[in-house]
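The next block holds one structure in the form of structure tokens; read it before the comments.
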Protein chains: 4
Amino acid sequence: MLFFRNDYGNGAHPAVMDALCKTNLELTEGYGTDAYCQRAEARVRDLCQCPQAQVYFVVGGTQVNKTAIGAFLRPWEAVIAADTGHIQVHESGAIEHNGHRIFTLPAADGKLTPEQIHDLCKAYQQEETSPEPKLVYISNTTELGTVYTKAELKALRQACDQWGLYLYCDGARLAAAMAVSDAGFADYAALCHAFTIGGTKNGLMFGEALVITEPKLAPCFRRCMKQQGAMLAKGRLLGIQFDTVLTDGLYEQLGQQAAQAARRLTEGLAKLGIPTLINSPSNQIFPILPNKAIEELKKDVSFEHWSAVSDTHSCVRFVTAWHTTTEEVESLLALLANLICEKE
Amino acid sequence: MLFFRNDYGNGAHPAVMDALCKTNLELTEGYGTDAYCQRAEARVRDLCQCPQAQVYFVVGGTQVNKTAIGAFLRPWEAVIAADTGHIQVHESGAIEHNGHRIFTLPAADGKLTPEQIHDLCKAYQQEETSPEPKLVYISNTTELGTVYTKAELKALRQACDQWGLYLYCDGARLAAAMAVSDAGFADYAALCHAFTIGGTKNGLMFGEALVITEPKLAPCFRRCMKQQGAMLAKGRLLGIQFDTVLTDGLYEQLGQQAAQAARRLTEGLAKLGIPTLINSPSNQIFPILPNKAIEELKKDVSFEHWSAVSDTHSCVRFVTAWHTTTEEVESLLALLANLICEKE
Amino acid sequence: MLFFRNDYGNGAHPAVMDALCKTNLELTEGYGTDAYCQRAEARVRDLCQCPQAQVYFVVGGTQVNKTAIGAFLRPWEAVIAADTGHIQVHESGAIEHNGHRIFTLPAADGKLTPEQIHDLCKAYQQEETSPEPKLVYISNTTELGTVYTKAELKALRQACDQWGLYLYCDGARLAAAMAVSDAGFADYAALCHAFTIGGTKNGLMFGEALVITEPKLAPCFRRCMKQQGAMLAKGRLLGIQFDTVLTDGLYEQLGQQAAQAARRLTEGLAKLGIPTLINSPSNQIFPILPNKAIEELKKDVSFEHWSAVSDTHSCVRFVTAWHTTTEEVESLLALLANLICEKE
Amino acid sequence: MLFFRNDYGNGAHPAVMDALCKTNLELTEGYGTDAYCQRAEARVRDLCQCPQAQVYFVVGGTQVNKTAIGAFLRPWEAVIAADTGHIQVHESGAIEHNGHRIFTLPAADGKLTPEQIHDLCKAYQQEETSPEPKLVYISNTTELGTVYTKAELKALRQACDQWGLYLYCDGARLAAAMAVSDAGFADYAALCHAFTIGGTKNGLMFGEALVITEPKLAPCFRRCMKQQGAMLAKGRLLGIQFDTVLTDGLYEQLGQQAAQAARRLTEGLAKLGIPTLINSPSNQIFPILPNKAIEELKKDVSFEHWSAVSDTHSCVRFVTAWHTTTEEVESLLALLANLICEKE
């Protein structure tokens, strides 16, 4: 069975697993106060060229979004997000559970524009009977695999500054974004008030690093984490893992491996004349296939159905990961070549 | 450095680590829908002799308490807990964050009595301007290392039934309780509306299993978990770990190892004439020592300061775990013998 | 100054004021347990032909929506509403503050259709990572002055039943709706799981009556009211007022007075050839006027700017109320006639 | 039937009712933006000698406590209150509903001491797994009728300043406190970060004025009020009432009337040799009576049962109000004299 279902299908990268095994029987303090966490925090600050950044390690993506946004906003303050945003479509109302409205903006390619932010803020500026837009949530890459460039991030930040908004970037797939765009750690630190460095989808068993560059955003963050159930007892597990992948560029390298597999797959699809829903440059690819071909493909490949496109065709999602091999991509393309020839 | 600080100081039991390593590169579906989770759920149901039990795996203790109680109660419904209860003293207001009052009852030994529940419910029965007591939170073992017997659990359940309350047992240290008392998995399933089987403090890297035996308590629990940020992407990590420890009695055995070390330590303290704050039969022990001896001891032993007892003496906490060896206990006792002779 | 700004611009209808004055120095129990509240509750049940209905009196509209929906739903359950719905645009996130997502549906005329509900529910049916749609919020009249007929309400209820949703009707302007449609109190009671009878905009100083016809929706509603700060100390003030307007058809009559004034105004606007944004049959009317005329009109008339329609024209809102006189309508029309002749 | 049940048993003082009647048919803007509210706000600022104070009018007591504390605190910040405090015993968990823990301190006389605050803050100072104490809630008068003096308020404020806490005074019975103590409006404004001026229990139909003297506490308070359902549509009703009672000392005078009646009653009880639960100097009085006498008394007097004192005796509560007459007090004392003679 070929696996193109997602980028969190296995455990951890062998180097991460090794580090966990080697340290397994050491005895340390809990709750992220250990030396491994401190070292990993220092690495993040270094990579971000941001010595004053506060760094916190959290197990999961919904958890880090919920905890961070809950710590940053007052209940009557609202989030602006793309209507495809993860917090809108995949977190079961976690943001609302903390009391916050999400204002969604249409985003065919998953990306917000400064103009949209301007328009929304203008509309709500004087509406005291509305929640107050206060934080722009983006993810890079987006839910549709598209990627904000550094210039786009800068433009968003300018729009945020103009309206007194915070810019928060969900980096669950930050490695995937960095592999195909011009923005690096230091750019995210410079342009976002806070952002996450996603581990779960890039070599870690689990773990997201939250980087808060705006000091006033997190006066008491550890209490907030604890209250939200987001503090891991054996916190060092997060420190050890991040320390490992953030050493010697492993994090970026794993992102590039996934990107390379994705590029190969995208090119192959193009050669086969298979259209895609959206032109994604990153590790999520959205081909449109005949429904019958999709049914056949399911026998050999694990992947996700995305959306119906017509009565006869649907969009599916293929995701590559750091462990996706050239052979796996070629096998998938061969299966598709076969199916397309047969069916159409 | 001897480690008696807590029972979550290391990673995982070697058998658990082996299982994680062996399955590391397998590719499975996420969010706890994989075969490992299903197998672990089945094991829990078997051990509990409760085929209709719903079983969910969650990463952390605060998380599982917050998610479960949030799912079980409406905002105006309140929790009854000992004033020493974990949700009261160690979770930063996680329960209140979901909207619920905690009614605390004095409990010198960490345990609630049916009489206390009767009295509180009688007092609040007709107070419509008060939150409505609806769930009794206990933990076994308690925060003070004391243990509810099966008869005591039965009596609490009767009190709950009389007042229409749910009985919820936080089993973060369930193995420690089972090692020194007469209640087993099936008893907890029969006597509690819901309870947890703690993994973090008994051989797992992380993980608590929530067992819901009252069907109406969790109509939509997975949505609730997701909303609370309590669903692990690579859910199988929980399934694999619980499957491992719940096979061939490893879970119980680890609890017994910790209990044995604790017994040896308790007996040693008694021989040395060192008094304890409370007569704890389980793996948390609370000796009272001269402050000077405590300062000396810190050089060689990692442990927690518990509370001041007088101007000259304080209570400390020693915790044993599955990995605590006879040698470690003897070394600690030798250090104490030395200090007590010198200092007193 | 002519007043067409809203329908809550004055105090209370003289009959209501009389009743408050007459009873002013009586001494009664508080919190809605007095005889006036009981009598008013009985009147509501009678008018609704629904002896089992639970009736609660609450001071304000946002308050009753927030309290009722908060009592009916669990945090992961969501509301479906028109994108123009009051809870979406005028309540500062009160629903989200209780933890609930609002799914908004586009509604050019402010009304939801059964098809929209079907489509949304179909889309979210199996999305366990989304909040669960559970309650359909409508208001009658809508925010745009449009009105659901009895047949439309019936169709909505059928859609709700099909998907296991509750139908909740915000009746802040129920009298305005009843004055121009075929649905009466008993129809609302038969077709909605819960609805409100708005007093603030129809002769009361303040007050909304919440009618819950589905028994399981409100097991403990008074506690919920108290927790939400929605219980009035001198609760009888609500009972006295509702008792007054619900006697001898005063409530309906006041609605008809507002409707009559609205009809006269609508006909006058048509004669003047002034277009409206929407064809509203009720007491909110949305004419489109040249911006210059609007500026002139402000000198003599109090009204609300609604939205820009073009660079030169805007939509404004005129609202009639039970106290709007024929003379006032004629004066407004004369002013408009003058301005339109001049300016165009 | 004599009425000593509470101080919110009737409607409004005649002067307030007159003002409401006179303005009843005026047409004004809503939501507290009218001229009456502005005038009343100015009066509050004048009386408080605090030109920078923000003043908001809210309908009810639970509502104003919930809204204010919810606006002032972040979810992980907690309230310190007496175990008899109104927010603890009479608001159904309204504070917890916003996510906040209430730390209760034992207070036999209903009053907190600076020492208690010091001790609690010392205990929680470094407990990062506990909610953070951040606001001291007191009420004056207290739930037991006792009264903080100016010196006591000053001492509490000093304790608050030392620990970075806000001092919030619930003034639901502020007039009752001012009638028997040395602290006036300006003292409350100088010593509290925020406090309320209660109207409901002192001549208004309803209404509490919230005075915020610490500017950073309420950056966006109207949005918060709206979100909490605490903004009255016909906001002027609050402005008119407060404007009336805050003119020419009516507010203080009504408090004194209640105090005078209370003094007479207290002296009468003493003469009859009837003991009281607590030595209350204000308008709530807590005599201890034989249970049989209580049963008899119920036939002629409306009052509240407070608590059982022994098998044969109970404490009841008599409350005087601005409208309590000398005759009513004498009648009550005569009834008691009769009963005591007979029964004992």
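In the structure tokens, each chain is lettered A, B, ... as it comes, each chain's residues begin at 1, and ligands are numbered from 1 in order of appearance.
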
Closest contacts (chain C/chain D, max 6 Å, only C-alpha atoms) as CSV:
residue,atom,partner,partner_atom,distance
C:Gly9,CA,D:Leu27,CA,4.7
C:Asn10,CA,D:Leu27,CA,4.6
C:Gly11,CA,D:Asn24,CA,4.5
C:Asn24,CA,D:Gly11,CA,4.5
C:Leu25,CA,D:Asn10,CA,5.2
C:Glu26,CA,D:Asn10,CA,5.4
C:Leu27,CA,D:Asn10,CA,4.6
C:Thr28,CA,D:Gly9,CA,5.1
C:Thr62,CA,D:Gly229,CA,5.1
C:Gln63,CA,D:Gly229,CA,4.3
C:Glu91,CA,D:Gln227,CA,5.8
C:Ser92,CA,D:Gln227,CA,4.8
C:Gly93,CA,D:Gln227,CA,5.6
C:Ala94,CA,D:Gln227,CA,4.3
C:Lys226,CA,D:Ser92,CA,5.9
C:Gln227,CA,D:Ala94,CA,4.3
C:Gly229,CA,D:Gln63,CA,4.3

Q) Within 12 Å of Cys121 (chain A), counting only C-alpha atoms, which residues qualify if same-chain residues fewer than 6 places away don't, as a ChimeraX atom specification? A) /A:78-80,103,105,114-115,127,130-136,159-165

Can I get the selected residues back with N, CA, C and O atoms, as a PDB file, in the first residue's frame?
ATOM      1  N   ALA A  78     -11.570  39.224  18.143  1.00  0.00           N
ATOM      2  CA  ALA A  78     -11.840  38.167  17.180  1.00  0.00           C
ATOM      3  C   ALA A  78     -10.627  37.906  16.297  1.00  0.00           C
ATOM      4  O   ALA A  78      -9.704  38.710  16.200  1.00  0.00           O
ATOM      5  N   VAL A  79     -10.681  36.760  15.637  1.00  0.00           N
ATOM      6  CA  VAL A  79      -9.638  36.311  14.726  1.00  0.00           C
ATOM      7  C   VAL A  79     -10.126  36.522  13.294  1.00  0.00           C
ATOM      8  O   VAL A  79     -11.308  36.345  13.005  1.00  0.00           O
ATOM      9  N   ILE A  80      -9.222  36.903  12.424  1.00  0.00           N
ATOM     10  CA  ILE A  80      -9.501  36.948  10.986  1.00  0.00           C
ATOM     11  C   ILE A  80      -8.765  35.772  10.357  1.00  0.00           C
ATOM     12  O   ILE A  80      -7.571  35.594  10.589  1.00  0.00           O
ATOM     13  N   PHE A 103     -13.699  35.626  12.129  1.00  0.00           N
ATOM     14  CA  PHE A 103     -14.215  36.234  10.899  1.00  0.00           C
ATOM     15  C   PHE A 103     -13.529  35.543   9.727  1.00  0.00           C
ATOM     16  O   PHE A 103     -12.299  35.596   9.609  1.00  0.00           O
ATOM     17  N   LEU A 105     -12.716  34.961   5.706  1.00  0.00           N
ATOM     18  CA  LEU A 105     -12.664  35.675   4.437  1.00  0.00           C
ATOM     19  C   LEU A 105     -12.487  34.650   3.324  1.00  0.00           C
ATOM     20  O   LEU A 105     -11.736  33.682   3.491  1.00  0.00           O
ATOM     21  N   PRO A 114      -3.777  41.651   2.020  1.00  0.00           N
ATOM     22  CA  PRO A 114      -3.898  42.871   2.828  1.00  0.00           C
ATOM     23  C   PRO A 114      -5.190  43.625   2.522  1.00  0.00           C
ATOM     24  O   PRO A 114      -5.808  44.185   3.429  1.00  0.00           O
ATOM     25  N   GLU A 115      -5.639  43.587   1.271  1.00  0.00           N
ATOM     26  CA  GLU A 115      -6.867  44.300   0.912  1.00  0.00           C
ATOM     27  C   GLU A 115      -8.054  43.734   1.687  1.00  0.00           C
ATOM     28  O   GLU A 115      -8.918  44.469   2.163  1.00  0.00           O
ATOM     29  N   GLU A 127     -18.096  49.415  14.677  1.00  0.00           N
ATOM     30  CA  GLU A 127     -19.233  48.584  15.074  1.00  0.00           C
ATOM     31  C   GLU A 127     -19.035  48.097  16.491  1.00  0.00           C
ATOM     32  O   GLU A 127     -18.491  47.028  16.715  1.00  0.00           O
ATOM     33  N   SER A 130     -20.090  44.565  17.535  1.00  0.00           N
ATOM     34  CA  SER A 130     -19.461  43.412  16.896  1.00  0.00           C
ATOM     35  C   SER A 130     -18.212  43.054  17.683  1.00  0.00           C
ATOM     36  O   SER A 130     -17.627  43.897  18.351  1.00  0.00           O
ATOM     37  N   PRO A 131     -17.803  41.776  17.633  1.00  0.00           N
ATOM     38  CA  PRO A 131     -16.477  41.483  18.172  1.00  0.00           C
ATOM     39  C   PRO A 131     -15.445  42.336  17.427  1.00  0.00           C
ATOM     40  O   PRO A 131     -15.659  42.725  16.279  1.00  0.00           O
ATOM     41  N   GLU A 132     -14.343  42.597  18.090  1.00  0.00           N
ATOM     42  CA  GLU A 132     -13.318  43.469  17.518  1.00  0.00           C
ATOM     43  C   GLU A 132     -12.232  42.635  16.839  1.00  0.00           C
ATOM     44  O   GLU A 132     -11.543  41.867  17.509  1.00  0.00           O
ATOM     45  N   PRO A 133     -12.057  42.772  15.532  1.00  0.00           N
ATOM     46  CA  PRO A 133     -10.982  42.014  14.869  1.00  0.00           C
ATOM     47  C   PRO A 133      -9.640  42.391  15.493  1.00  0.00           C
ATOM     48  O   PRO A 133      -9.340  43.579  15.627  1.00  0.00           O
ATOM     49  N   LYS A 134      -8.852  41.409  15.889  1.00  0.00           N
ATOM     50  CA  LYS A 134      -7.625  41.736  16.635  1.00  0.00           C
ATOM     51  C   LYS A 134      -6.427  40.889  16.240  1.00  0.00           C
ATOM     52  O   LYS A 134      -5.295  41.250  16.562  1.00  0.00           O
ATOM     53  N   LEU A 135      -6.654  39.769  15.572  1.00  0.00           N
ATOM     54  CA  LEU A 135      -5.538  38.886  15.243  1.00  0.00           C
ATOM     55  C   LEU A 135      -5.776  38.273  13.875  1.00  0.00           C
ATOM     56  O   LEU A 135      -6.879  37.794  13.591  1.00  0.00           O
ATOM     57  N   VAL A 136      -4.758  38.323  13.029  1.00  0.00           N
ATOM     58  CA  VAL A 136      -4.848  37.668  11.723  1.00  0.00           C
ATOM     59  C   VAL A 136      -4.175  36.315  11.827  1.00  0.00           C
ATOM     60  O   VAL A 136      -2.991  36.225  12.170  1.00  0.00           O
ATOM     61  N   ALA A 159      -0.366  45.594   6.953  1.00  0.00           N
ATOM     62  CA  ALA A 159      -1.818  45.759   7.137  1.00  0.00           C
ATOM     63  C   ALA A 159      -2.177  45.584   8.614  1.00  0.00           C
ATOM     64  O   ALA A 159      -2.990  46.335   9.167  1.00  0.00           O
ATOM     65  N   CYS A 160      -1.574  44.608   9.248  1.00  0.00           N
ATOM     66  CA  CYS A 160      -1.840  44.378  10.673  1.00  0.00           C
ATOM     67  C   CYS A 160      -1.427  45.596  11.499  1.00  0.00           C
ATOM     68  O   CYS A 160      -2.172  46.042  12.379  1.00  0.00           O
ATOM     69  N   ASP A 161      -0.256  46.110  11.230  1.00  0.00           N
ATOM     70  CA  ASP A 161       0.224  47.262  12.002  1.00  0.00           C
ATOM     71  C   ASP A 161      -0.718  48.453  11.831  1.00  0.00           C
ATOM     72  O   ASP A 161      -0.982  49.195  12.772  1.00  0.00           O
ATOM     73  N   GLN A 162      -1.208  48.598  10.621  1.00  0.00           N
ATOM     74  CA  GLN A 162      -2.083  49.731  10.353  1.00  0.00           C
ATOM     75  C   GLN A 162      -3.356  49.671  11.200  1.00  0.00           C
ATOM     76  O   GLN A 162      -3.903  50.694  11.605  1.00  0.00           O
ATOM     77  N   TRP A 163      -3.828  48.470  11.459  1.00  0.00           N
ATOM     78  CA  TRP A 163      -5.102  48.317  12.169  1.00  0.00           C
ATOM     79  C   TRP A 163      -4.926  47.823  13.600  1.00  0.00           C
ATOM     80  O   TRP A 163      -5.911  47.483  14.266  1.00  0.00           O
ATOM     81  N   GLY A 164      -3.690  47.760  14.042  1.00  0.00           N
ATOM     82  CA  GLY A 164      -3.491  47.303  15.424  1.00  0.00           C
ATOM     83  C   GLY A 164      -3.786  45.833  15.623  1.00  0.00           C
ATOM     84  O   GLY A 164      -4.263  45.421  16.683  1.00  0.00           O
ATOM     85  N   LEU A 165      -3.527  45.026  14.615  1.00  0.00           N
ATOM     86  CA  LEU A 165      -3.794  43.590  14.709  1.00  0.00           C
ATOM     87  C   LEU A 165      -2.496  42.833  14.965  1.00  0.00           C
ATOM     88  O   LEU A 165      -1.415  43.284  14.596  1.00  0.00           O
TER      89      LEU A 165
END

Q: Give the helix (DSSP H, G or I) residues of region 99-343 of chain A, as DSSP finds them on the backbone, and put them as number ranges by chain.
A: A: 114-124, 150-163, 174-180, 185-191, 215-217, 221-227, 236-245, 250-271, 291-297, 326-343

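You will find CA of Phe221 (chain A) at 14.8 Å from CA of Thr196 (chain A).
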
Near-Val245 (chain C) list (12 Å; only C-alpha atoms; drop same-chain fewer than 2 positions) as a compact mmCIF listing (two decimals) with N, CA, C and O atoms, in the first residue's frame:
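The resulting file, around_0.txt, is reproduced below:
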# COMPACT_ATOMS: atom_id res chain seq x y z
N ALA C 12 -42.34 53.15 27.86
CA ALA C 12 -43.30 52.06 27.76
C ALA C 12 -44.65 52.62 27.29
O ALA C 12 -44.92 53.82 27.39
N HIS C 13 -45.47 51.75 26.78
CA HIS C 13 -46.84 52.13 26.47
C HIS C 13 -47.52 52.62 27.75
O HIS C 13 -47.27 52.08 28.83
N PRO C 14 -48.39 53.64 27.64
CA PRO C 14 -49.03 54.18 28.85
C PRO C 14 -49.70 53.12 29.73
O PRO C 14 -49.62 53.20 30.96
N ALA C 15 -50.30 52.14 29.12
CA ALA C 15 -50.96 51.10 29.93
C ALA C 15 -49.94 50.34 30.76
O ALA C 15 -50.20 49.96 31.91
N VAL C 16 -48.78 50.11 30.17
CA VAL C 16 -47.72 49.41 30.89
C VAL C 16 -47.19 50.30 32.02
O VAL C 16 -47.00 49.84 33.15
N MET C 17 -47.00 51.56 31.69
CA MET C 17 -46.50 52.49 32.70
C MET C 17 -47.48 52.59 33.85
O MET C 17 -47.07 52.62 35.02
N ASP C 18 -48.76 52.67 33.53
CA ASP C 18 -49.79 52.70 34.57
C ASP C 18 -49.68 51.50 35.50
O ASP C 18 -49.73 51.63 36.73
N ALA C 19 -49.55 50.35 34.90
CA ALA C 19 -49.47 49.13 35.71
C ALA C 19 -48.25 49.16 36.61
O ALA C 19 -48.32 48.76 37.78
N ALA C 40 -48.48 36.15 34.26
CA ALA C 40 -48.00 36.40 32.90
C ALA C 40 -47.57 35.11 32.22
O ALA C 40 -47.83 34.89 31.03
N ARG C 43 -50.60 33.40 31.04
CA ARG C 43 -51.13 34.03 29.83
C ARG C 43 -50.38 33.56 28.58
O ARG C 43 -50.96 33.30 27.53
N VAL C 44 -49.05 33.49 28.72
CA VAL C 44 -48.26 33.04 27.57
C VAL C 44 -48.66 31.63 27.20
O VAL C 44 -48.90 31.32 26.02
N ALA C 175 -44.22 40.83 17.30
CA ALA C 175 -45.48 41.56 17.06
C ALA C 175 -45.49 42.13 15.65
O ALA C 175 -46.53 42.09 14.96
N ILE C 197 -40.88 36.18 22.80
CA ILE C 197 -41.91 37.18 22.54
C ILE C 197 -41.32 38.51 22.99
O ILE C 197 -41.14 38.74 24.19
N GLY C 198 -40.96 39.33 22.02
CA GLY C 198 -40.23 40.55 22.31
C GLY C 198 -41.11 41.64 22.88
O GLY C 198 -42.16 41.97 22.32
N GLY C 199 -40.67 42.19 24.01
CA GLY C 199 -41.43 43.27 24.61
C GLY C 199 -40.79 44.63 24.38
O GLY C 199 -41.48 45.62 24.15
N THR C 200 -39.46 44.69 24.41
CA THR C 200 -38.75 45.96 24.34
C THR C 200 -39.18 46.80 23.13
O THR C 200 -39.31 48.02 23.23
N ASN C 202 -42.03 46.57 21.55
CA ASN C 202 -43.48 46.58 21.34
C ASN C 202 -44.25 46.94 22.60
O ASN C 202 -45.13 46.21 23.04
N GLY C 203 -43.85 48.06 23.20
CA GLY C 203 -44.68 48.60 24.28
C GLY C 203 -44.15 48.42 25.68
O GLY C 203 -44.63 49.07 26.61
N LEU C 204 -43.17 47.56 25.88
CA LEU C 204 -42.61 47.40 27.22
C LEU C 204 -41.41 48.33 27.42
O LEU C 204 -40.77 48.73 26.45
N MET C 205 -41.15 48.67 28.67
CA MET C 205 -39.88 49.32 28.98
C MET C 205 -38.73 48.43 28.56
O MET C 205 -37.73 48.87 28.01
N GLY C 207 -37.95 43.79 28.22
CA GLY C 207 -38.42 42.45 28.52
C GLY C 207 -38.67 41.59 27.31
O GLY C 207 -39.26 42.03 26.32
N ALA C 209 -39.93 37.51 26.60
CA ALA C 209 -40.41 36.26 27.20
C ALA C 209 -39.86 35.10 26.39
O ALA C 209 -40.00 35.06 25.17
N LEU C 238 -41.05 42.46 35.11
CA LEU C 238 -41.27 41.77 33.83
C LEU C 238 -42.65 41.16 33.80
O LEU C 238 -43.37 41.24 32.79
N GLY C 239 -43.04 40.55 34.91
CA GLY C 239 -44.36 39.93 34.96
C GLY C 239 -45.48 40.94 34.77
O GLY C 239 -46.42 40.71 34.01
N ILE C 240 -45.37 42.06 35.44
CA ILE C 240 -46.41 43.09 35.35
C ILE C 240 -46.53 43.61 33.92
O ILE C 240 -47.64 43.76 33.39
N GLN C 241 -45.41 43.85 33.30
CA GLN C 241 -45.44 44.39 31.95
C GLN C 241 -46.03 43.39 30.95
O GLN C 241 -46.87 43.73 30.11
N PHE C 242 -45.58 42.16 31.02
CA PHE C 242 -46.10 41.17 30.08
C PHE C 242 -47.56 40.87 30.34
O PHE C 242 -48.34 40.67 29.42
N ASP C 243 -47.92 40.83 31.63
CA ASP C 243 -49.32 40.60 31.96
C ASP C 243 -50.19 41.69 31.31
O ASP C 243 -51.26 41.40 30.77
N THR C 247 -52.81 41.04 27.77
CA THR C 247 -54.23 41.04 28.11
C THR C 247 -55.02 41.75 27.01
O THR C 247 -54.59 42.81 26.53
N ASP C 248 -56.15 41.17 26.63
CA ASP C 248 -57.05 41.81 25.67
C ASP C 248 -56.37 42.22 24.37
O ASP C 248 -56.71 43.24 23.75
N GLY C 249 -55.36 41.47 23.98
CA GLY C 249 -54.77 41.69 22.65
C GLY C 249 -53.99 42.96 22.48
O GLY C 249 -53.75 43.40 21.35
N LEU C 250 -53.56 43.59 23.58
CA LEU C 250 -52.80 44.83 23.42
C LEU C 250 -51.50 44.59 22.65
O LEU C 250 -51.10 45.39 21.81
N TYR C 251 -50.84 43.47 22.93
CA TYR C 251 -49.56 43.18 22.27
C TYR C 251 -49.74 43.16 20.75
O TYR C 251 -49.00 43.83 20.01
N GLU C 252 -50.74 42.43 20.29
CA GLU C 252 -50.98 42.34 18.86
C GLU C 252 -51.37 43.71 18.30
O GLU C 252 -50.95 44.09 17.20
N GLN C 253 -52.20 44.43 19.06
CA GLN C 253 -52.69 45.73 18.58
C GLN C 253 -51.53 46.72 18.37
O GLN C 253 -51.49 47.44 17.37
N LEU C 254 -50.59 46.71 19.28
CA LEU C 254 -49.44 47.61 19.14
C LEU C 254 -48.63 47.25 17.90
O LEU C 254 -48.15 48.13 17.17
N GLY C 255 -48.50 45.95 17.64
CA GLY C 255 -47.82 45.52 16.43
C GLY C 255 -48.54 46.01 15.19
O GLY C 255 -47.91 46.44 14.21
